[in-house]
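Q: My structure file entry-v8.cif, mmCIF, C-alpha atoms, is below:
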data_run
loop_
_atom_site.label_atom_id
_atom_site.label_comp_id
_atom_site.auth_asym_id
_atom_site.auth_seq_id
_atom_site.Cartn_x
_atom_site.Cartn_y
_atom_site.Cartn_z
CA MET Q 23 45.50 3.99 -27.79
CA ALA Q 24 42.57 3.76 -30.22
CA GLU Q 25 40.43 1.98 -27.72
CA SER Q 26 40.98 4.69 -25.10
CA GLN Q 27 39.82 7.37 -27.57
CA ALA Q 28 36.53 5.60 -28.36
CA PRO Q 29 33.38 7.49 -27.45
CA SER Q 30 31.55 6.41 -24.34
CA VAL Q 31 28.28 5.92 -26.20
CA ILE Q 32 29.57 2.64 -27.57
CA PHE Q 33 29.27 0.95 -24.22
CA ASP Q 34 26.03 2.60 -23.08
CA VAL Q 35 23.54 0.78 -25.25
CA PRO Q 36 24.41 -2.92 -24.75
CA GLU Q 37 25.12 -2.43 -21.05
CA SER Q 38 21.67 -3.46 -19.85
CA ALA Q 39 21.58 -6.47 -22.14
CA SER Q 40 25.05 -7.60 -21.14
CA SER Q 41 24.25 -7.16 -17.45
CA LEU Q 42 21.09 -9.18 -17.91
CA ASN Q 43 23.01 -11.98 -19.62
CA THR Q 44 25.76 -11.86 -16.98
CA VAL Q 45 23.30 -12.15 -14.11
CA ARG Q 46 21.49 -14.97 -15.87
CA LEU Q 47 24.73 -16.86 -16.51
CA ASP Q 48 25.91 -16.37 -12.93
CA SER Q 49 22.63 -17.60 -11.53
CA ASP Q 50 22.75 -20.66 -13.78
CA ARG Q 51 26.37 -21.33 -12.81
CA HIS Q 52 25.60 -21.24 -9.09
CA GLY Q 53 22.37 -23.19 -9.43
CA ASN Q 54 20.02 -20.26 -8.62
CA HIS Q 55 17.54 -20.77 -11.43
CA ASP Q 56 14.78 -18.20 -11.92
CA THR Q 57 11.45 -19.88 -11.34
CA HIS Q 58 9.56 -17.24 -13.34
CA GLY Q 59 12.00 -16.92 -16.24
CA SER Q 60 11.83 -13.14 -16.11
CA GLY Q 61 15.38 -12.16 -17.08
CA PHE Q 62 15.35 -9.14 -14.71
CA PRO Q 63 18.50 -8.55 -12.65
CA GLY Q 64 18.05 -8.92 -8.93
CA LEU Q 65 14.69 -10.64 -9.22
CA LYS Q 66 15.68 -13.58 -7.02
CA LYS Q 67 16.93 -11.32 -4.25
CA ARG Q 68 14.22 -8.70 -4.31
CA GLY Q 69 11.30 -10.72 -5.57
CA HIS Q 70 9.57 -11.03 -2.21
CA ASN Q 71 10.51 -7.75 -0.60
CA LEU Q 72 7.97 -5.48 1.00
CA GLY Q 73 7.82 -3.16 -2.04
CA SER Q 74 7.44 -5.92 -4.65
CA ARG Q 75 4.32 -6.08 -6.81
CA SER Q 76 2.89 -8.47 -9.31
CA TRP Q 77 3.54 -7.50 -12.93
CA ILE Q 78 2.67 -9.08 -16.27
CA LYS Q 79 5.39 -9.05 -18.91
CA ILE Q 80 4.23 -9.29 -22.56
CA ASP Q 81 6.86 -9.54 -25.29
CA GLN Q 82 6.59 -8.81 -29.01
CA THR Q 83 5.52 -12.36 -29.85
CA GLY Q 84 2.50 -12.22 -27.54
CA ASN Q 85 3.90 -14.40 -24.76
CA SER Q 86 3.08 -13.29 -21.21
CA LYS Q 87 4.66 -14.02 -17.84
CA VAL Q 88 3.67 -13.08 -14.31
CA LEU Q 89 6.58 -11.57 -12.35
CA GLU Q 90 7.18 -10.31 -8.82
CA LEU Q 91 9.24 -7.12 -9.10
CA ASP Q 92 10.01 -4.21 -6.84
CA LYS Q 93 9.99 -0.68 -8.16
CA PHE Q 94 13.79 -0.34 -8.15
CA THR Q 95 14.14 -3.31 -10.49
CA VAL Q 96 11.55 -1.80 -12.83
CA MET Q 97 13.27 1.59 -12.64
CA ARG Q 98 16.65 0.12 -13.60
CA HIS Q 99 15.24 -2.06 -16.35
CA CYS Q 100 13.18 0.69 -18.00
CA SER Q 101 15.44 3.66 -17.13
CA LEU Q 102 12.63 5.53 -15.38
CA PRO Q 103 12.72 7.96 -12.43
CA SER Q 104 10.91 7.10 -9.24
CA ARG Q 105 8.14 9.67 -9.81
CA ASP Q 106 7.07 7.86 -12.99
CA ILE Q 107 6.79 4.59 -11.09
CA ARG Q 108 4.82 6.42 -8.41
CA LEU Q 109 2.26 7.42 -11.07
CA LEU Q 110 1.41 3.74 -11.49
CA ASP Q 111 0.80 3.16 -7.79
CA PRO Q 112 -2.93 2.42 -7.28
CA LEU Q 113 -2.74 3.68 -3.69
CA PHE Q 114 -2.24 7.26 -4.89
CA ILE Q 115 -4.62 9.37 -6.96
CA TYR Q 116 -2.89 10.98 -9.91
CA PRO Q 117 -4.27 12.50 -13.11
CA TYR Q 118 -4.46 10.19 -16.10
CA THR Q 119 -1.04 10.21 -17.72
CA ILE Q 120 0.68 9.25 -20.96
CA LEU Q 121 4.39 10.04 -20.66
CA GLY Q 122 7.11 9.52 -23.24
CA ARG Q 123 10.57 8.82 -21.85
CA GLU Q 124 13.93 7.89 -23.37
CA LYS Q 125 13.34 4.13 -23.38
CA ALA Q 126 9.74 3.70 -22.23
CA ILE Q 127 6.18 5.01 -22.32
CA VAL Q 128 4.39 5.31 -18.98
CA ILE Q 129 0.60 4.87 -19.20
CA SER Q 130 -1.92 5.37 -16.41
CA LEU Q 131 -5.44 5.22 -17.83
CA GLU Q 132 -8.28 4.07 -15.61
CA GLN Q 133 -7.23 0.62 -14.35
CA ILE Q 134 -4.64 0.09 -17.10
CA ARG Q 135 -1.25 0.99 -15.63
CA CYS Q 136 1.72 -0.19 -17.63
CA ILE Q 137 5.19 0.58 -18.95
CA ILE Q 138 5.78 0.10 -22.67
CA THR Q 139 9.27 -0.34 -24.09
CA ALA Q 140 10.42 -1.08 -27.62
CA ASP Q 141 10.44 -4.84 -26.89
CA GLU Q 142 7.88 -5.53 -24.16
CA VAL Q 143 4.97 -4.33 -22.06
CA ILE Q 144 5.20 -4.46 -18.26
CA LEU Q 145 1.61 -4.37 -17.02
CA MET Q 146 0.66 -3.97 -13.38
CA ASN Q 147 -1.22 -7.12 -12.47
CA SER Q 148 -4.74 -6.79 -11.12
CA LEU Q 149 -7.98 -8.74 -10.94
CA ASP Q 150 -9.81 -5.91 -12.68
CA GLY Q 151 -11.57 -6.87 -15.90
CA SER Q 152 -9.87 -4.10 -17.88
CA VAL Q 153 -6.40 -5.43 -17.03
CA LEU Q 154 -7.30 -9.00 -17.93
CA GLN Q 155 -8.92 -7.85 -21.16
CA TYR Q 156 -5.87 -5.75 -22.06
CA LYS Q 157 -3.54 -8.70 -21.48
CA SER Q 158 -5.59 -11.22 -23.46
CA GLU Q 159 -6.37 -8.83 -26.33
CA LEU Q 160 -2.76 -7.63 -26.68
CA CYS Q 161 -1.44 -11.19 -26.71
CA ARG Q 162 -4.03 -12.17 -29.30
CA ARG Q 163 -3.23 -9.23 -31.56
CA LEU Q 164 0.51 -9.74 -31.33
CA GLN Q 165 0.23 -13.44 -32.10
CA THR Q 166 -2.15 -12.74 -34.99
CA SER Q 167 0.05 -10.05 -36.55
CA LYS Q 168 3.25 -12.04 -36.02
CA ASP Q 169 3.38 -13.22 -39.62
CA GLN Q 170 1.76 -10.12 -41.10
CA SER Q 171 3.47 -6.93 -42.21
CA ASP Q 172 2.36 -3.99 -40.12
CA ASP Q 173 3.72 -0.45 -40.27
CA LEU Q 174 2.67 0.28 -36.70
CA PRO Q 175 5.54 -0.15 -34.19
CA PHE Q 176 5.17 -2.39 -31.17
CA GLU Q 177 4.86 0.47 -28.69
CA PHE Q 178 2.05 2.08 -30.69
CA LYS Q 179 0.14 -1.21 -30.82
CA ALA Q 180 0.24 -1.42 -27.03
CA LEU Q 181 -0.64 2.28 -26.67
CA GLU Q 182 -3.52 1.98 -29.15
CA LEU Q 183 -5.02 -0.94 -27.24
CA ALA Q 184 -4.81 0.96 -23.94
CA LEU Q 185 -6.57 3.97 -25.47
CA GLU Q 186 -9.15 1.74 -27.17
CA LEU Q 187 -10.08 -0.14 -24.00
CA THR Q 188 -10.20 3.06 -21.95
CA CYS Q 189 -12.41 4.90 -24.44
CA THR Q 190 -14.64 1.85 -24.91
CA SER Q 191 -15.04 1.36 -21.17
CA LEU Q 192 -15.93 5.00 -20.54
CA ASP Q 193 -18.34 5.09 -23.47
CA ALA Q 194 -20.07 1.93 -22.22
CA GLN Q 195 -20.48 3.49 -18.76
CA VAL Q 196 -21.96 6.62 -20.33
CA LYS Q 197 -24.46 4.60 -22.35
CA GLU Q 198 -25.47 2.65 -19.27
CA LEU Q 199 -25.97 5.89 -17.35
CA GLU Q 200 -28.08 7.30 -20.18
CA MET Q 201 -30.34 4.25 -20.18
CA GLU Q 202 -30.88 4.60 -16.43
CA ILE Q 203 -31.25 8.34 -16.03
CA TYR Q 204 -33.48 9.34 -18.98
CA PRO Q 205 -36.57 7.38 -17.76
CA VAL Q 206 -36.09 8.74 -14.24
CA LEU Q 207 -35.91 12.30 -15.53
CA ASP Q 208 -39.04 11.85 -17.64
CA GLU Q 209 -40.88 10.39 -14.66
CA LEU Q 210 -39.70 13.23 -12.45
CA ALA Q 211 -40.90 15.82 -14.99
CA SER Q 212 -44.40 14.28 -14.99
CA SER Q 213 -44.71 13.65 -11.25
CA ILE Q 214 -42.53 15.35 -8.69
CA SER Q 215 -41.84 13.07 -5.72
CA THR Q 216 -39.18 12.68 -3.05
CA ILE Q 217 -38.16 9.23 -4.33
CA ASN Q 218 -37.58 10.49 -7.88
CA LEU Q 219 -35.66 13.51 -6.61
CA GLU Q 220 -33.38 11.25 -4.57
CA ARG Q 221 -32.72 8.99 -7.55
CA VAL Q 222 -31.89 11.96 -9.76
CA ARG Q 223 -29.56 13.34 -7.09
CA ARG Q 224 -27.70 10.03 -6.94
CA PHE Q 225 -27.44 9.81 -10.73
CA LYS Q 226 -26.22 13.40 -10.91
CA GLY Q 227 -23.37 12.62 -8.53
CA HIS Q 228 -22.41 9.64 -10.68
CA LEU Q 229 -22.59 11.84 -13.77
CA LEU Q 230 -20.23 14.44 -12.29
CA ALA Q 231 -17.68 11.78 -11.30
CA LEU Q 232 -17.82 10.17 -14.74
CA THR Q 233 -17.49 13.55 -16.44
CA GLN Q 234 -14.32 14.29 -14.49
CA ARG Q 235 -12.80 10.96 -15.51
CA VAL Q 236 -13.62 11.46 -19.18
CA GLN Q 237 -12.40 15.06 -19.05
CA LYS Q 238 -9.04 13.96 -17.63
CA VAL Q 239 -8.51 11.42 -20.41
CA CYS Q 240 -9.53 13.99 -23.03
CA ASP Q 241 -7.19 16.62 -21.58
CA GLY Q 242 -4.31 14.13 -21.40
CA ILE Q 243 -4.65 13.16 -25.08
CA GLU Q 244 -5.07 16.78 -26.15
CA HIS Q 245 -2.02 17.89 -24.15
CA LEU Q 246 0.04 15.14 -25.77
CA MET Q 247 -1.14 16.10 -29.26
CA ASP Q 248 -0.17 19.73 -28.70
CA ASP Q 249 3.47 18.85 -27.91
CA ASP Q 250 5.42 17.40 -30.84
CA GLY Q 251 8.46 16.86 -28.61
CA ASP Q 252 6.54 14.54 -26.29
CA MET Q 253 5.16 12.63 -29.24
CA ALA Q 254 8.65 12.28 -30.73
CA GLU Q 255 9.87 10.77 -27.46
CA MET Q 256 7.36 7.95 -27.85
CA TYR Q 257 8.97 6.54 -31.02
CA LEU Q 258 10.87 3.93 -29.03
CA THR Q 259 11.59 1.51 -31.88
CA GLU Q 260 12.99 4.27 -34.06
CA LYS Q 261 15.18 5.57 -31.23
CA LYS Q 262 16.41 2.06 -30.54
CA GLU Q 263 17.39 1.63 -34.19
CA ARG Q 264 19.21 4.96 -34.09
CA ARG Q 265 21.20 3.91 -31.04
CA GLU Q 266 22.11 0.62 -32.68
CA ALA Q 267 23.13 2.44 -35.84
CA LEU Q 268 25.30 4.84 -33.85
CA THR Q 269 26.87 1.95 -31.98
CA SER Q 270 27.69 0.02 -35.13
CA GLY Q 271 29.06 3.20 -36.74
CA ASP Q 272 31.31 3.87 -33.76
CA LEU Q 273 32.64 0.31 -33.80
CA TYR Q 274 33.33 0.59 -37.51
CA ASP Q 275 35.23 3.86 -36.96
CA GLN Q 276 37.30 2.24 -34.19
CA ILE Q 277 38.29 -0.65 -36.45
CA ASN Q 278 39.27 1.70 -39.29
CA THR Q 279 41.20 3.92 -36.91
CA SER Q 280 43.20 1.00 -35.51
CA GLN Q 281 43.92 -0.35 -39.01
CA ASN Q 282 45.10 3.03 -40.26
CA VAL Q 283 47.33 3.41 -37.22
CA ARG Q 284 48.98 0.09 -37.97
CA VAL Q 285 49.48 1.00 -41.64
CA VAL Q 286 51.13 4.28 -40.70
CA SER Q 287 53.41 2.60 -38.19
CA LYS Q 288 54.56 0.03 -40.77
CA SER Q 289 55.03 2.46 -43.64
CA ALA Q 290 57.05 5.02 -41.68
CA PRO Q 291 59.36 3.29 -39.22
CA VAL Q 292 62.23 5.77 -39.74
CA SER Q 293 61.41 8.36 -37.10
CA PRO Q 294 59.65 7.15 -33.96
CA VAL Q 295 58.86 10.67 -32.83
CA GLY Q 296 57.40 11.62 -36.17
CA SER Q 297 55.41 8.42 -36.37
CA CYS Q 298 53.90 8.96 -32.93
CA SER Q 299 52.95 12.51 -33.78
CA GLY Q 300 51.48 11.34 -37.07
CA VAL Q 301 49.49 8.68 -35.26
CA ARG Q 302 48.11 11.28 -32.85
CA LYS Q 303 47.14 13.57 -35.72
CA LEU Q 304 45.49 10.73 -37.54
CA GLN Q 305 43.55 9.73 -34.42
CA ARG Q 306 42.38 13.31 -33.90
CA ALA Q 307 41.24 13.45 -37.50
CA PHE Q 308 39.28 10.23 -37.22
CA SER Q 309 37.77 11.28 -33.89
CA SER Q 310 36.69 14.61 -35.40
CA ILE Q 311 35.17 12.74 -38.36
CA SER Q 312 33.36 10.42 -35.96
CA SER Q 313 32.01 13.30 -33.86
CA SER Q 314 30.90 15.20 -36.95
CA LYS Q 315 29.21 12.03 -38.16
CA HIS Q 316 27.37 11.74 -34.84
CA GLY Q 317 26.26 15.36 -34.95
CA SER Q 318 25.12 15.22 -38.57
CA PHE Q 319 23.18 12.00 -37.94
CA LEU Q 320 21.41 13.28 -34.85
CA SER Q 321 20.64 16.64 -36.41
CA SER Q 322 19.23 15.01 -39.54
CA SER Q 323 17.17 12.64 -37.45
CA SER Q 324 15.83 15.45 -35.27
CA ALA Q 325 15.19 17.68 -38.28
CA GLY Q 326 13.36 14.89 -40.05
CA GLU Q 327 11.26 14.10 -37.00
CA ASN Q 328 7.82 12.98 -38.17
CA VAL Q 329 5.03 12.46 -35.66
CA ASP Q 330 2.17 12.18 -38.13
CA GLN Q 331 1.66 8.48 -37.44
CA LEU Q 332 1.26 8.95 -33.69
CA GLU Q 333 -0.71 12.16 -34.14
CA MET Q 334 -3.28 10.43 -36.36
CA LEU Q 335 -3.54 7.60 -33.82
CA LEU Q 336 -4.14 10.02 -30.95
CA GLU Q 337 -6.52 12.13 -33.01
CA ALA Q 338 -8.74 9.12 -33.74
CA TYR Q 339 -9.18 8.32 -30.05
CA PHE Q 340 -9.45 11.99 -29.15
CA ILE Q 341 -12.51 12.18 -31.39
CA VAL Q 342 -13.97 9.12 -29.65
CA ILE Q 343 -13.38 10.43 -26.11
CA ASP Q 344 -14.57 13.91 -27.12
CA ASN Q 345 -17.80 12.37 -28.42
CA THR Q 346 -18.21 10.59 -25.09
CA LEU Q 347 -17.65 13.87 -23.29
CA ASN Q 348 -20.28 15.55 -25.46
CA LYS Q 349 -22.77 12.83 -24.47
CA LEU Q 350 -22.12 13.57 -20.82
CA LEU Q 351 -22.49 17.29 -21.37
CA SER Q 352 -25.76 16.72 -23.24
CA LEU Q 353 -26.97 14.54 -20.39
CA LYS Q 354 -25.98 17.24 -17.92
CA ASP Q 355 -27.89 19.83 -19.95
CA TYR Q 356 -30.94 17.54 -19.98
CA ILE Q 357 -30.75 17.27 -16.20
CA ASN Q 358 -30.47 21.04 -15.91
CA ASP Q 359 -33.46 21.50 -18.24
CA THR Q 360 -35.47 19.05 -16.15
CA GLU Q 361 -34.51 20.93 -12.99
CA ASP Q 362 -35.57 24.20 -14.60
CA LEU Q 363 -38.90 22.65 -15.60
CA ILE Q 364 -39.43 21.39 -12.05
CA ASN Q 365 -38.59 24.82 -10.66
CA ILE Q 366 -41.06 26.42 -13.07
CA LYS Q 367 -43.77 23.98 -12.01
CA LEU Q 368 -43.04 24.55 -8.33
CA GLY Q 369 -43.03 28.29 -8.89
CA ASN Q 370 -46.38 28.06 -10.65
CA VAL Q 371 -47.85 26.08 -7.75
CA GLN Q 372 -46.43 28.62 -5.31
CA ASN Q 373 -48.01 31.47 -7.28
CA GLN Q 374 -51.36 29.73 -7.21
CA LEU Q 375 -51.09 29.31 -3.46
CA ILE Q 376 -50.26 33.00 -3.08
CA GLN Q 377 -53.27 33.96 -5.21
CA PHE Q 378 -55.55 31.76 -3.15
CA GLU Q 379 -54.07 33.24 0.02
CA LEU Q 380 -54.87 36.75 -1.26
CA LEU Q 381 -58.47 35.77 -1.90
CA LEU Q 382 -58.78 34.28 1.57
CA THR Q 383 -57.23 37.40 3.09
CA ALA Q 384 -59.72 39.62 1.27
CA ALA Q 385 -62.63 37.42 2.40
CA THR Q 386 -61.31 37.49 5.95
CA PHE Q 387 -61.21 41.27 5.86
CA VAL Q 388 -64.84 41.40 4.71
CA ALA Q 389 -65.84 38.99 7.46
CA THR Q 390 -64.06 41.26 9.92
CA VAL Q 391 -66.50 44.03 8.95
CA PHE Q 392 -69.37 41.81 10.14
CA ALA Q 393 -67.45 41.14 13.32
CA VAL Q 394 -67.08 44.89 13.92
CA VAL Q 395 -70.83 45.46 13.46
CA THR Q 396 -71.56 42.55 15.77
CA ALA Q 397 -69.21 43.96 18.37
CA VAL Q 398 -70.87 47.39 18.18
CA PHE Q 399 -74.37 46.05 18.65
CA GLY Q 400 -73.23 43.73 21.39
CA MET Q 401 -72.50 46.64 23.70
CA ASN Q 402 -74.89 47.49 26.60
CA PHE Q 403 -76.43 50.78 25.52
CA GLU Q 404 -79.97 51.90 24.93
CA ASP Q 405 -81.09 52.85 21.40
CA SER Q 406 -84.31 53.00 19.40
CA VAL Q 407 -82.92 50.37 17.02
CA PHE Q 408 -83.49 47.72 19.66
CA ASP Q 409 -87.18 48.70 19.98
CA ASN Q 410 -87.95 47.74 16.33
CA PRO Q 411 -86.68 44.22 15.34
CA SER Q 412 -87.06 44.87 11.59
CA THR Q 413 -84.52 47.65 11.83
CA PHE Q 414 -81.74 45.10 12.63
CA ASN Q 415 -82.52 43.30 9.36
CA TRP Q 416 -81.71 46.47 7.52
CA VAL Q 417 -78.46 46.68 9.40
CA LEU Q 418 -77.54 43.18 8.21
CA ILE Q 419 -78.51 43.95 4.62
CA ILE Q 420 -76.52 47.17 4.54
CA THR Q 421 -73.50 45.48 6.16
CA GLY Q 422 -73.62 42.53 3.69
CA ALA Q 423 -73.90 44.85 0.69
CA PHE Q 424 -70.97 46.87 1.97
CA GLY Q 425 -68.89 43.71 2.47
CA GLY Q 426 -69.72 42.43 -1.03
CA MET Q 427 -68.79 45.76 -2.59
CA LEU Q 428 -65.59 45.80 -0.59
CA TYR Q 429 -64.67 42.25 -1.72
CA PHE Q 430 -65.31 43.08 -5.38
CA SER Q 431 -63.25 46.22 -4.94
CA PHE Q 432 -60.34 44.02 -3.84
CA LEU Q 433 -60.79 41.80 -6.92
CA ILE Q 434 -60.83 44.79 -9.24
CA TYR Q 435 -57.71 46.13 -7.56
CA PHE Q 436 -55.89 42.78 -7.95
CA ARG Q 437 -56.85 42.65 -11.60
CA HIS Q 438 -55.72 46.21 -12.16
CA LYS Q 439 -52.34 45.46 -10.55
CA LYS Q 440 -52.13 42.17 -12.50
CA VAL Q 441 -51.51 40.20 -9.35
CA PHE Q 442 -53.37 37.28 -10.95
CA PRO Q 443 -55.61 37.02 -14.01
CA LEU Q 444 -59.34 36.75 -13.35
#
Here is the file; what I need is its structure written in the form of structure tokens.
A:
Amino acid sequence: MAESQAPSVIFDVPESASSLNTVRLDSDRHGNHDTHGSGFPGLKKRGHNLGSRSWIKIDQTGNSKVLELDKFTVMRHCSLPSRDIRLLDPLFIYPYTILGREKAIVISLEQIRCIITADEVILMNSLDGSVLQYKSELCRRLQTSKDQSDDLPFEFKALELALELTCTSLDAQVKELEMEIYPVLDELASSISTINLERVRRFKGHLLALTQRVQKVCDGIEHLMDDDGDMAEMYLTEKKERREALTSGDLYDQINTSQNVRVVSKSAPVSPVGSCSGVRKLQRAFSSISSSKHGSFLSSSSAGENVDQLEMLLEAYFIVIDNTLNKLLSLKDYINDTEDLINIKLGNVQNQLIQFELLLTAATFVATVFAVVTAVFGMNFEDSVFDNPSTFNWVLIITGAFGGMLYFSFLIYFRHKKVFPL
């Protein structure tokens, strides 16, 4: 009777561990040994299916194993929905994500895509240098801090390394871009050429892509820092200890309840009906005490929720990634300033060409006056001017003086209208 009244939470926590041990024992009994030593249920059957991928499992001691797992096995083992597993798929483009779930943390930062639990890290295997560096560095840190006392939980160590490698990688790419683009911009400012413009255009496209990547990481960390509930979900070790404490408390209440039932049945054997009713009342009392104990424990734990440790960790890397973003914005401003300088220079050259064109137009107009005089005297008509050759010289002198006065009149007009300084 006491066992039937036990809360269901008692059997929820050790279920995954017992199922893992049962599958391992059954496989050993039938001779189906796991070649990878993964400990995941259904690995032998689904290891080489179409949806299986290569994963790297890193435990708390720093030991790593390469596994072939499909997404359903990972979902069951880490208690994750399918959409969280889909965020780790490299074939799809999703925003950079740090998600806190009941029993795991899902991380998708650059090439680092992993699932962190309270006991292990399941890293998506890849030949990328960031993945290999994350694996080797995490194993080294865990093995180094094995015998040292550290207040940082296991999941935060793995999360910190992912943020550190991501921020370091992005900052290194920004520094490399700065070293390449600043000389090109200076050269373009001194001498405008098609080759330099093409190089700057290519670097500007790279800058925009890198800015978007850094902005996504910065927004993801900032969004996580703004939500205390999401940060509280990421305390996996603490939640695991709470579940174990609740489980042990429930088992202790069951034992006490069964012992008290036996004492009552031995001390009052006179009336069976009364003893049964007393037993039921006693069981209700103990169940109400147990439920009130559960409620008080959970409420106290939720009321005393402290996310300062994770918030300080995220704030440190938020400052780093925000500094990287400021470098990119400064570089973008420098490119814009260079473009403005180039536009000013081109505008100045264009103004000079316009001024020269105005001068040529005025000179052409004056030359047209000579053409008009030439056209008039080229007509077939009789006049006394043709009888005296010296008279035509006076015509040329008068026409030239008129053209010079007309040209200077244009210059005075341009200066008066401030078309160009003279």
Q: Quick check on the file I pasted: which residues fall under the PyMOL selection byres ((chain Q and resi 219) around 12)? Write them as a PyMOL selection string.
A: chain Q and resi 203+206-211+213-218+220-226+357+360-361+364
Q: Which of these residues is nearest to Phe340 of chain Q, using all atoms listed in the file: Q:Lys261, Q:Lys354, Q:Arg163, Q:Lys238?
A: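 Among the listed residues, the smallest separation from Phe340 of chain Q belongs to Q:Lys238.
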Q: Report the distance between atom CA of Ser431 of chain Q and atom CA of Phe414 of chain Q in Å, rounded to one decimal place.
A: 25.5 Å
Q: Which neighbours of segment 376-391 of chain Q fall inside 7 Å, counting only C-alpha atoms, when residues of the same chain fewer than 4 positions from it are skipped, and could you give them as JSON, numbers by chain?
A: {"Q": [372, 395, 425, 428, 429, 432, 442]}
Q: For the structure provided, state which residues fall under the PyMOL selection byres ((chain Q and resi 195) around 12), and present them as a list in words.
A: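 That selection, the PyMOL selection byres ((chain Q and resi 195) around 12), comes back as Thr188, Cys189, Thr190, Ser191, Leu192, Asp193, Ala194, Val196, Lys197, Glu198, Leu199, Glu200, Met201, Glu202, His228, Leu229, Ala231, Leu232, Thr233, Arg235, Val236, Thr346, Leu347, Lys349 and Leu350 of chain Q.
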Q: Residues within 7 Å of (5.2, 3.3, -22.0), file coordinates, counting all atoms listed in the file: what are they? Give the list as a ChimeraX atom specification.
A: /Q:121-122,126-129,136-139
Q: For the atom pair atom CA of Leu181 of chain Q and atom CA of Leu268 of chain Q, what is the interatomic distance in Å to one decimal place?
A: 27.0 Å
Q: Nearest residue to Thr166 of chain Q out of Q:Phe114, Q:Asp150, Q:Ser101, Q:Thr83, using all atoms listed in the file?
A: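 Counting all atoms listed in the file, the residue closest to Thr166 of chain Q is Q:Thr83.
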Q: Could you pull the residues within 10 Å of Leu336 of chain Q, counting only C-alpha atoms, minus those fewer than 6 positions along the same chain, as a ChimeraX atom specification?
A: /Q:181-182,185,243-244,246-247,253,330,342
Q: Using only C-alpha atoms, find the one residue out of Q:Arg98, Q:Thr421, Q:Glu337, Q:Gly426 that sits nearest to Lys125 of chain Q.
A: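 Using only C-alpha atoms, Lys125 of chain Q sits closest to Q:Arg98.
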Q: Go ahead and compute the interatomic distance for atom CA of Asn365 of chain Q and atom CA of Leu433 of chain Q, in Å to one decimal.
A: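 Going from atom CA of Asn365 of chain Q over to atom CA of Leu433 of chain Q covers 28.2 Å.
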Q: Give me the result of the PyMOL selection byres ((chain Q and resi 156) around 8) on this file, residue by residue, as a PyMOL selection string.
A: chain Q and resi 134+152-155+157-160+183-184+187
